[in-house]
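Colleague: Just coords.cif, nothing more (mmCIF, C-alpha atoms):
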```cif
data_query
loop_
_atom_site.group_PDB
_atom_site.id
_atom_site.type_symbol
_atom_site.label_atom_id
_atom_site.label_comp_id
_atom_site.auth_asym_id
_atom_site.auth_seq_id
_atom_site.Cartn_x
_atom_site.Cartn_y
_atom_site.Cartn_z
ATOM 1 C CA MET A 1 0.000 0.000 0.000
ATOM 2 C CA LYS A 2 1.353 3.388 -0.917
ATOM 3 C CA GLN A 3 0.205 6.240 1.256
ATOM 4 C CA ILE A 4 0.629 9.717 -0.221
ATOM 5 C CA ILE A 5 0.084 12.878 1.763
ATOM 6 C CA TYR A 6 0.066 16.154 -0.143
ATOM 7 C CA ILE A 7 -0.271 19.645 1.252
ATOM 8 C CA ALA A 8 -2.515 21.420 -1.247
ATOM 9 C CA ALA A 9 -2.257 25.116 -2.082
ATOM 10 C CA LEU A 10 -5.447 27.069 -1.543
ATOM 11 C CA LEU A 11 -6.306 29.561 -4.285
ATOM 12 C CA CYS A 12 -8.294 32.585 -3.178
ATOM 13 C CA MET A 13 -10.260 34.975 -5.449
ATOM 14 C CA THR A 14 -11.347 38.416 -4.235
ATOM 15 C CA LEU A 15 -14.552 39.925 -5.620
ATOM 16 C CA SER A 16 -15.291 43.649 -5.423
ATOM 17 C CA SER A 17 -18.902 44.413 -4.565
ATOM 18 C CA CYS A 18 -21.114 46.318 -2.174
ATOM 19 C CA THR A 19 -20.928 44.616 1.196
ATOM 20 C CA LYS A 20 -22.865 44.870 4.407
ATOM 21 C CA GLU A 21 -21.332 43.907 7.722
ATOM 22 C CA ILE A 22 -23.296 41.135 9.396
ATOM 23 C CA GLU A 23 -23.102 40.848 13.153
ATOM 24 C CA ILE A 24 -23.352 37.342 14.576
ATOM 25 C CA ASP A 25 -24.305 36.984 18.212
ATOM 26 C CA TYR A 26 -22.312 34.004 19.509
ATOM 27 C CA ARG A 27 -23.745 32.466 22.655
ATOM 28 C CA ASP A 28 -21.341 32.307 25.574
ATOM 29 C CA ILE A 29 -20.697 28.742 26.715
ATOM 30 C CA ASP A 30 -19.269 27.300 29.885
ATOM 31 C CA PRO A 31 -15.559 26.479 29.486
ATOM 32 C CA ILE A 32 -14.672 22.804 28.970
ATOM 33 C CA PRO A 33 -11.302 21.328 30.060
ATOM 34 C CA VAL A 34 -8.794 20.434 27.354
ATOM 35 C CA ILE A 35 -6.220 17.831 28.463
ATOM 36 C CA GLU A 36 -3.209 16.963 26.294
ATOM 37 C CA GLY A 37 -0.976 14.227 27.672
ATOM 38 C CA TYR A 38 2.247 12.882 26.187
ATOM 39 C CA LEU A 39 4.331 9.983 27.497
ATOM 40 C CA ALA A 40 7.528 8.828 25.791
ATOM 41 C CA PRO A 41 10.879 7.413 26.963
ATOM 42 C CA ASP A 42 12.377 10.922 26.832
ATOM 43 C CA LEU A 43 9.319 12.987 27.805
ATOM 44 C CA ALA A 44 6.272 13.089 30.092
ATOM 45 C CA GLU A 45 4.107 16.203 29.829
ATOM 46 C CA VAL A 46 0.496 17.144 30.467
ATOM 47 C CA LYS A 47 -0.991 20.514 29.557
ATOM 48 C CA ILE A 48 -4.444 21.535 30.730
ATOM 49 C CA THR A 49 -6.358 24.500 29.322
ATOM 50 C CA MET A 50 -9.982 25.565 29.053
ATOM 51 C CA THR A 51 -11.987 26.203 25.900
ATOM 52 C CA ARG A 52 -12.770 29.833 25.114
ATOM 53 C CA ASN A 53 -15.553 31.695 23.354
ATOM 54 C CA MET A 54 -15.132 32.533 19.656
ATOM 55 C CA ASP A 55 -14.813 36.267 20.368
ATOM 56 C CA ASP A 56 -12.033 35.724 22.915
ATOM 57 C CA SER A 57 -8.702 36.245 21.134
ATOM 58 C CA VAL A 58 -6.541 35.482 24.176
ATOM 59 C CA HIS A 59 -5.073 31.966 24.138
ATOM 60 C CA SER A 60 -5.209 30.307 27.536
ATOM 61 C CA PRO A 61 -1.941 29.225 29.137
ATOM 62 C CA GLY A 62 -1.707 25.888 30.890
ATOM 63 C CA ILE A 63 -3.603 26.044 34.174
ATOM 64 C CA GLU A 64 -2.974 24.514 37.594
ATOM 65 C CA VAL A 65 -5.560 21.964 38.763
ATOM 66 C CA ASP A 66 -6.221 19.715 41.767
ATOM 67 C CA TYR A 67 -4.191 16.675 40.751
ATOM 68 C CA VAL A 68 -2.245 15.147 37.828
ATOM 69 C CA ALA A 69 -0.559 11.738 37.831
ATOM 70 C CA ILE A 70 0.423 8.904 35.492
ATOM 71 C CA PHE A 71 0.053 5.325 36.718
ATOM 72 C CA LYS A 72 2.159 2.383 35.565
ATOM 73 C CA PRO A 73 0.536 -1.017 34.861
ATOM 74 C CA ASP A 74 1.497 -2.268 38.358
ATOM 75 C CA GLY A 75 -0.316 0.666 39.982
ATOM 76 C CA THR A 76 2.793 2.736 40.729
ATOM 77 C CA GLU A 77 1.829 6.415 40.888
ATOM 78 C CA CYS A 78 4.050 8.985 39.153
ATOM 79 C CA ALA A 79 2.907 12.418 40.304
ATOM 80 C CA LEU A 80 3.370 15.349 37.926
ATOM 81 C CA ASP A 81 4.153 18.847 39.163
ATOM 82 C CA TYR A 82 2.970 22.133 37.713
ATOM 83 C CA GLN A 83 5.830 24.082 36.089
ATOM 84 C CA PRO A 84 6.212 27.846 35.452
ATOM 85 C CA ASP A 85 5.562 27.333 31.713
ATOM 86 C CA GLY A 86 2.101 25.930 32.456
ATOM 87 C CA ILE A 87 2.960 22.265 31.818
ATOM 88 C CA TYR A 88 2.892 19.350 34.270
ATOM 89 C CA ARG A 89 6.016 17.146 34.423
ATOM 90 C CA PRO A 90 7.340 14.436 36.770
ATOM 91 C CA ALA A 91 10.303 15.077 39.057
ATOM 92 C CA SER A 92 12.210 12.201 37.391
ATOM 93 C CA PRO A 93 11.852 10.211 34.129
ATOM 94 C CA ILE A 94 9.199 7.485 33.991
ATOM 95 C CA SER A 95 10.558 4.110 32.881
ATOM 96 C CA LEU A 96 8.401 2.531 30.159
ATOM 97 C CA THR A 97 7.812 -0.966 28.766
ATOM 98 C CA ASP A 98 6.652 -1.742 25.229
ATOM 99 C CA GLY A 99 3.156 -3.212 25.162
ATOM 100 C CA ALA A 100 2.246 -1.862 28.610
ATOM 101 C CA THR A 101 -0.791 0.349 29.231
ATOM 102 C CA TYR A 102 -0.426 3.603 31.163
ATOM 103 C CA THR A 103 -3.151 5.626 32.852
ATOM 104 C CA LEU A 104 -3.442 9.408 33.152
ATOM 105 C CA ARG A 105 -5.619 10.789 35.949
ATOM 106 C CA VAL A 106 -6.467 14.484 36.218
ATOM 107 C CA THR A 107 -8.745 16.028 38.838
ATOM 108 C CA ILE A 108 -10.292 19.432 38.102
ATOM 109 C CA ASP A 109 -12.672 21.021 40.611
ATOM 110 C CA GLY A 110 -13.335 17.640 42.175
ATOM 111 C CA VAL A 111 -14.064 15.851 38.879
ATOM 112 C CA MET A 112 -11.639 13.099 37.847
ATOM 113 C CA TYR A 113 -10.785 12.607 34.161
ATOM 114 C CA VAL A 114 -9.132 9.291 33.232
ATOM 115 C CA ALA A 115 -7.476 8.092 30.001
ATOM 116 C CA GLN A 116 -5.316 5.122 29.064
ATOM 117 C CA SER A 117 -2.758 4.556 26.332
ATOM 118 C CA SER A 118 -0.702 1.524 25.312
ATOM 119 C CA LEU A 119 2.949 1.907 24.336
ATOM 120 C CA ARG A 120 3.532 0.478 20.867
ATOM 121 C CA PRO A 121 6.982 -0.562 19.560
ATOM 122 C CA THR A 122 9.009 2.003 17.640
ATOM 123 C CA ILE A 123 8.224 2.280 13.933
ATOM 124 C CA GLN A 124 11.616 2.162 12.248
ATOM 125 C CA ILE A 125 11.945 4.091 8.980
ATOM 126 C CA SER A 126 14.468 4.482 6.187
ATOM 127 C CA GLU A 127 16.501 7.683 5.964
ATOM 128 C CA PRO A 128 14.269 10.368 4.409
ATOM 129 C CA GLN A 129 15.022 11.397 0.826
ATOM 130 C CA PHE A 130 13.803 14.329 -1.294
ATOM 131 C CA VAL A 131 12.261 13.701 -4.717
ATOM 132 C CA TRP A 132 10.146 15.785 -7.088
ATOM 133 C CA ALA A 133 6.395 15.309 -7.233
ATOM 134 C CA ASN A 134 5.659 14.075 -10.732
ATOM 135 C CA ILE A 135 2.610 16.267 -11.261
ATOM 136 C CA MET A 136 3.934 19.546 -9.855
ATOM 137 C CA ASP A 137 7.267 21.272 -10.494
ATOM 138 C CA TRP A 138 6.828 23.483 -7.426
ATOM 139 C CA MET A 139 6.625 20.693 -4.871
ATOM 140 C CA GLN A 140 9.256 18.358 -3.532
ATOM 141 C CA VAL A 141 8.429 15.239 -1.563
ATOM 142 C CA MET A 142 10.025 13.929 1.611
ATOM 143 C CA GLU A 143 9.979 10.182 1.081
ATOM 144 C CA PHE A 144 10.677 7.385 3.579
ATOM 145 C CA GLU A 145 9.561 3.810 4.194
ATOM 146 C CA THR A 146 8.608 1.851 7.294
ATOM 147 C CA LEU A 147 10.994 -1.061 7.878
ATOM 148 C CA ASN A 148 9.831 -3.274 10.754
ATOM 149 C CA ILE A 149 6.054 -3.775 10.459
ATOM 150 C CA PRO A 150 5.269 -7.457 9.825
ATOM 151 C CA ASP A 151 3.117 -8.373 6.828
ATOM 152 C CA GLY A 152 -0.552 -8.234 7.742
ATOM 153 C CA GLU A 153 0.035 -6.289 10.962
ATOM 154 C CA GLU A 154 -1.564 -2.850 11.274
ATOM 155 C CA ALA A 155 0.448 0.000 12.774
ATOM 156 C CA TYR A 156 -0.519 3.566 13.622
ATOM 157 C CA GLY A 157 1.808 6.530 13.296
ATOM 158 C CA TRP A 158 1.745 10.224 14.113
ATOM 159 C CA VAL A 159 4.066 12.013 11.688
ATOM 160 C CA ARG A 160 5.254 15.522 12.534
ATOM 161 C CA ILE A 161 7.706 17.831 10.745
ATOM 162 C CA HIS A 162 9.241 20.908 12.341
ATOM 163 C CA HIS A 163 10.637 23.620 10.048
ATOM 164 C CA ASN A 164 13.324 25.769 11.669
ATOM 165 C CA GLY A 165 11.881 24.860 15.063
ATOM 166 C CA GLU A 166 8.208 25.522 14.211
ATOM 167 C CA ILE A 167 5.596 22.862 13.472
ATOM 168 C CA TYR A 168 5.124 22.540 9.695
ATOM 169 C CA PHE A 169 3.185 19.310 9.215
ATOM 170 C CA SER A 170 1.238 16.976 11.499
ATOM 171 C CA ASP A 171 -0.993 14.056 10.621
ATOM 172 C CA ALA A 172 -1.900 10.584 11.852
ATOM 173 C CA GLY A 173 -1.842 7.602 9.508
ATOM 174 C CA LYS A 174 -1.978 3.826 9.488
ATOM 175 C CA CYS A 175 -0.516 1.095 7.333
ATOM 176 C CA THR A 176 -0.554 -2.683 7.125
ATOM 177 C CA GLY A 177 2.935 -4.094 6.753
ATOM 178 C CA ASN A 178 5.816 -1.941 5.572
ATOM 179 C CA SER A 179 4.766 1.010 3.447
ATOM 180 C CA PRO A 180 6.324 4.039 1.710
ATOM 181 C CA PHE A 181 5.208 7.519 2.783
ATOM 182 C CA ASP A 182 5.439 10.669 0.648
ATOM 183 C CA ILE A 183 4.912 14.092 2.261
ATOM 184 C CA GLY A 184 4.688 17.109 -0.021
ATOM 185 C CA LEU A 185 6.780 20.204 0.754
ATOM 186 C CA TYR A 186 6.695 23.613 -0.905
ATOM 187 C CA TYR A 187 10.147 24.624 -2.096
ATOM 188 C CA ASP A 188 11.446 28.117 -2.895
ATOM 189 C CA SER A 189 9.849 29.034 -6.216
ATOM 190 C CA ASP A 190 8.248 31.958 -8.039
ATOM 191 C CA MET A 191 4.772 30.968 -6.892
ATOM 192 C CA GLU A 192 2.996 33.250 -4.471
ATOM 193 C CA MET A 193 2.098 31.381 -1.320
ATOM 194 C CA ASP A 194 2.197 31.666 2.442
ATOM 195 C CA GLU A 195 5.778 32.435 3.424
ATOM 196 C CA ASP A 196 5.566 29.949 6.295
ATOM 197 C CA GLU A 197 4.925 27.107 3.831
ATOM 198 C CA ILE A 198 8.088 27.615 1.755
ATOM 199 C CA ILE A 199 11.165 25.473 2.408
ATOM 200 C CA TYR A 200 14.420 27.224 1.489
ATOM 201 C CA ASP A 201 17.789 25.695 0.734
ATOM 202 C CA GLY A 202 19.681 25.343 4.031
ATOM 203 C CA ASP A 203 16.560 25.236 6.247
ATOM 204 C CA THR A 204 16.424 22.687 9.078
ATOM 205 C CA LEU A 205 13.702 20.032 9.055
ATOM 206 C CA LEU A 206 13.047 17.657 11.958
ATOM 207 C CA LEU A 207 11.020 14.560 11.080
ATOM 208 C CA ASP A 208 9.405 12.875 14.089
ATOM 209 C CA VAL A 209 7.547 9.571 13.552
ATOM 210 C CA ARG A 210 5.623 8.475 16.652
ATOM 211 C CA SER A 211 4.113 5.002 17.063
ATOM 212 C CA ILE A 212 0.704 5.317 18.762
ATOM 213 C CA ASP A 213 -2.185 3.041 19.662
ATOM 214 C CA LEU A 214 -5.583 2.829 17.977
ATOM 215 C CA ASP A 215 -7.364 5.164 20.417
ATOM 216 C CA ALA A 216 -4.804 7.955 19.958
ATOM 217 C CA PHE A 217 -4.888 7.428 16.180
ATOM 218 C CA THR A 218 -8.692 7.686 16.119
ATOM 219 C CA TYR A 219 -8.726 10.934 18.095
ATOM 220 C CA LEU A 220 -5.878 12.558 16.138
ATOM 221 C CA SER A 221 -7.156 11.530 12.704
ATOM 222 C CA GLU A 222 -10.627 12.896 13.514
ATOM 223 C CA SER A 223 -9.113 16.141 14.808
ATOM 224 C CA HIS A 224 -6.839 16.594 11.783
ATOM 225 C CA ALA A 225 -9.810 15.915 9.499
ATOM 226 C CA GLY A 226 -11.542 18.966 10.960
ATOM 227 C CA ASN A 227 -13.993 17.114 13.194
ATOM 228 C CA MET A 228 -14.948 19.632 15.881
ATOM 229 C CA ASN A 229 -16.288 16.857 18.125
ATOM 230 C CA PRO A 230 -13.835 13.951 17.961
ATOM 231 C CA THR A 231 -14.509 10.739 19.849
ATOM 232 C CA GLN A 232 -14.484 11.403 23.614
ATOM 233 C CA TYR A 233 -11.130 10.148 24.897
ATOM 234 C CA PHE A 234 -11.448 10.618 28.670
ATOM 235 C CA SER A 235 -13.883 8.949 31.034
ATOM 236 C CA THR A 236 -15.105 11.086 33.938
ATOM 237 C CA SER A 237 -16.239 10.544 37.524
ATOM 238 C CA VAL A 238 -19.329 12.703 36.888
ATOM 239 C CA ALA A 239 -21.634 11.481 34.129
ATOM 240 C CA ASP A 240 -22.488 14.832 32.530
ATOM 241 C CA LYS A 241 -18.929 16.176 32.552
ATOM 242 C CA VAL A 242 -16.885 16.074 29.324
ATOM 243 C CA CYS A 243 -13.510 17.292 28.169
ATOM 244 C CA LEU A 244 -11.493 17.557 24.986
ATOM 245 C CA GLY A 245 -7.988 16.267 24.420
ATOM 246 C CA PHE A 246 -6.169 12.933 24.468
ATOM 247 C CA PHE A 247 -3.362 10.947 26.110
ATOM 248 C CA ALA A 248 -0.714 9.298 23.923
ATOM 249 C CA ALA A 249 2.047 6.990 25.062
ATOM 250 C CA TYR A 250 4.486 6.583 22.196
ATOM 251 C CA ASN A 251 7.908 5.524 21.010
ATOM 252 C CA HIS A 252 9.410 7.610 18.258
ATOM 253 C CA VAL A 253 12.254 7.987 15.815
ATOM 254 C CA GLN A 254 13.606 11.330 14.611
ATOM 255 C CA TYR A 255 15.695 12.577 11.701
ATOM 256 C CA GLU A 256 17.113 16.104 11.573
ATOM 257 C CA ILE A 257 17.768 17.162 7.982
ATOM 258 C CA ILE A 258 19.354 20.214 6.415
ATOM 259 C CA TYR A 259 17.271 20.745 3.303
ATOM 260 C CA HIS A 260 19.094 21.010 -0.031
ATOM 261 C CA LYS A 261 16.995 21.348 -3.152
ATOM 262 C CA THR A 262 17.596 18.374 -5.439
ATOM 263 C CA PRO A 263 17.961 18.821 -9.225
ATOM 264 C CA HIS A 264 14.733 18.776 -11.223
ATOM 265 C CA ASP A 265 14.579 16.053 -13.878
#
```
Here is the file; what I need is its structure written in the form of structure tokens.
Modeller:
Amino acid sequence: MKQIIYIAALLCMTLSSCTKEIEIDYRDIDPIPVIEGYLAPDLAEVKITMTRNMDDSVHSPGIEVDYVAIFKPDGTECALDYQPDGIYRPASPISLTDGATYTLRVTIDGVMYVAQSSLRPTIQISEPQFVWANIMDWMQVMEFETLNIPDGEEAYGWVRIHHNGEIYFSDAGKCTGNSPFDIGLYYDSDMEMDEDEIIYDGDTLLLDVRSIDLDAFTYLSESHAGNMNPTQYFSTSVADKVCLGFFAAYNHVQYEIIYHKTPHD
């Protein structure tokens, strides 16, 4: 199976006409917690925010709540402490075991939110290469292949690319057995496009391929597809309480690449 991911350019057309400003009265809603938890061999972080109304332009920093902890399969509690940057972290690294299931518990105003995630083995990949997209002379493709997924076995990945330290691409995907992946990148050309989308010769790209479980894949794929109400990830101690967000335990492999534009055939 060949999985191809392209970032499409959006073409906008402006029409000149008489316009009338329309005021929309958005109804204020009660804030809902948003919990984002990450657990990897080199990282354990939980950030908690609250949703905001559409007319509120101020992004909420991570907030301090009643309680945050990650539990190992044997019941060992690993408490996380609130840090000045608004993120919860443990005092020392949490040792992980492939195949084990970890539990995140967060208590906010007396309500407990619980999520679990299983640690999947690392998805090994070939060294990324740059090739030209056959149908477009303004797009190059970062190409790599998974190397250790047995035939017939389904694996779930969360692929992220940082461009000069800023997130450039993020998407969740799945494959059965080893599979090539092609990710389209805009290169420096004469086309007019968002400056943030253009990759210049000498720029730094960091490819991060995370192996995740089915629940994390489902939530992330629904979110990336624009679903405003993805499958509820957390269970709660109060029936009518809900929250957004997810908890992902993952192994990952990274490649840092200095981009050099390859010759066009």
Colleague: Atom CA of A:Leu214 and atom CA of A:Ser95, how far apart in Å?
Modeller: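 Atom-to-atom, atom CA of A:Ser95 and atom CA of A:Leu214 are spaced 22.0 Å apart.
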Colleague: Select, from A:Asp208, A:Asp66, A:Asp182, A:Glu222, the residue with the minimum atom-to-atom distance to A:Gly110, counting only C-alpha atoms.
Modeller: A:Asp66
Colleague: Name the residues that the PyMOL selection byres ((chain A and resi 32) around 9) pulls out of this structure, and write them as a PyMOL selection string.
Modeller: chain A and resi 29-31+33-34+49-52+241-244
Colleague: From the set A:Val159, A:Ala69, A:Ala216, A:Ile167, which residue has the shortest atom-to-atom contact distance to A:Val114, counting all atoms listed in the file?
Modeller: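 Nearest to A:Val114: A:Ala69.
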Colleague: Mind pulling up the distance from atom CA of A:Gly75 to atom CA of A:Leu104?
Modeller: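 Atom CA of A:Leu104 sits 11.5 Å away from atom CA of A:Gly75.
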Colleague: Here is a test: counting only C-alpha atoms, which residue of A:Tyr38, A:Tyr219, A:Tyr168, A:Trp158 is nearest to A:Val253?
Modeller: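 Of A:Tyr38, A:Tyr219, A:Tyr168, A:Trp158, the one nearest A:Val253 is A:Trp158, counting only C-alpha atoms.
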Colleague: Could you name the residues that touch A:Asp213 at 12 Å or less, counting only C-alpha atoms, but leaving out those on the same chain fewer than 3 positions away, as number ranges by chain?
Modeller: A: 98-102, 116-123, 154-158, 172-174, 210, 216-220, 246-251
Colleague: Which distance in Å separates atom CA of A:Ile108 and atom CA of A:His224, to one decimal?
Modeller: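 That distance, rounded to one decimal, is 26.7 Å.
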Colleague: So which one's closest to A:Lys47, A:Asp151, A:Gly245, A:Phe234, A:Thr262? Using all atoms listed in the file, please.
Modeller: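 The shortest atom-to-atom distance to A:Lys47 comes from A:Gly245.
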Colleague: Expand the PyMOL selection byres ((chain A and resi 91) around 12) into the individual residues it matches in the shown file, reporting them as an mmCIF file with C-alpha atoms, in the coordinates of the input.
Modeller:
```cif
data_model
loop_
_atom_site.group_PDB
_atom_site.id
_atom_site.type_symbol
_atom_site.label_atom_id
_atom_site.label_comp_id
_atom_site.auth_asym_id
_atom_site.auth_seq_id
_atom_site.Cartn_x
_atom_site.Cartn_y
_atom_site.Cartn_z
ATOM 1 C CA LEU A 43 9.319 12.987 27.805
ATOM 2 C CA ALA A 44 6.272 13.089 30.092
ATOM 3 C CA GLU A 45 4.107 16.203 29.829
ATOM 4 C CA ALA A 69 -0.559 11.738 37.831
ATOM 5 C CA CYS A 78 4.050 8.985 39.153
ATOM 6 C CA ALA A 79 2.907 12.418 40.304
ATOM 7 C CA LEU A 80 3.370 15.349 37.926
ATOM 8 C CA ASP A 81 4.153 18.847 39.163
ATOM 9 C CA TYR A 82 2.970 22.133 37.713
ATOM 10 C CA GLN A 83 5.830 24.082 36.089
ATOM 11 C CA TYR A 88 2.892 19.350 34.270
ATOM 12 C CA ARG A 89 6.016 17.146 34.423
ATOM 13 C CA PRO A 90 7.340 14.436 36.770
ATOM 14 C CA SER A 92 12.210 12.201 37.391
ATOM 15 C CA PRO A 93 11.852 10.211 34.129
ATOM 16 C CA ILE A 94 9.199 7.485 33.991
#
```
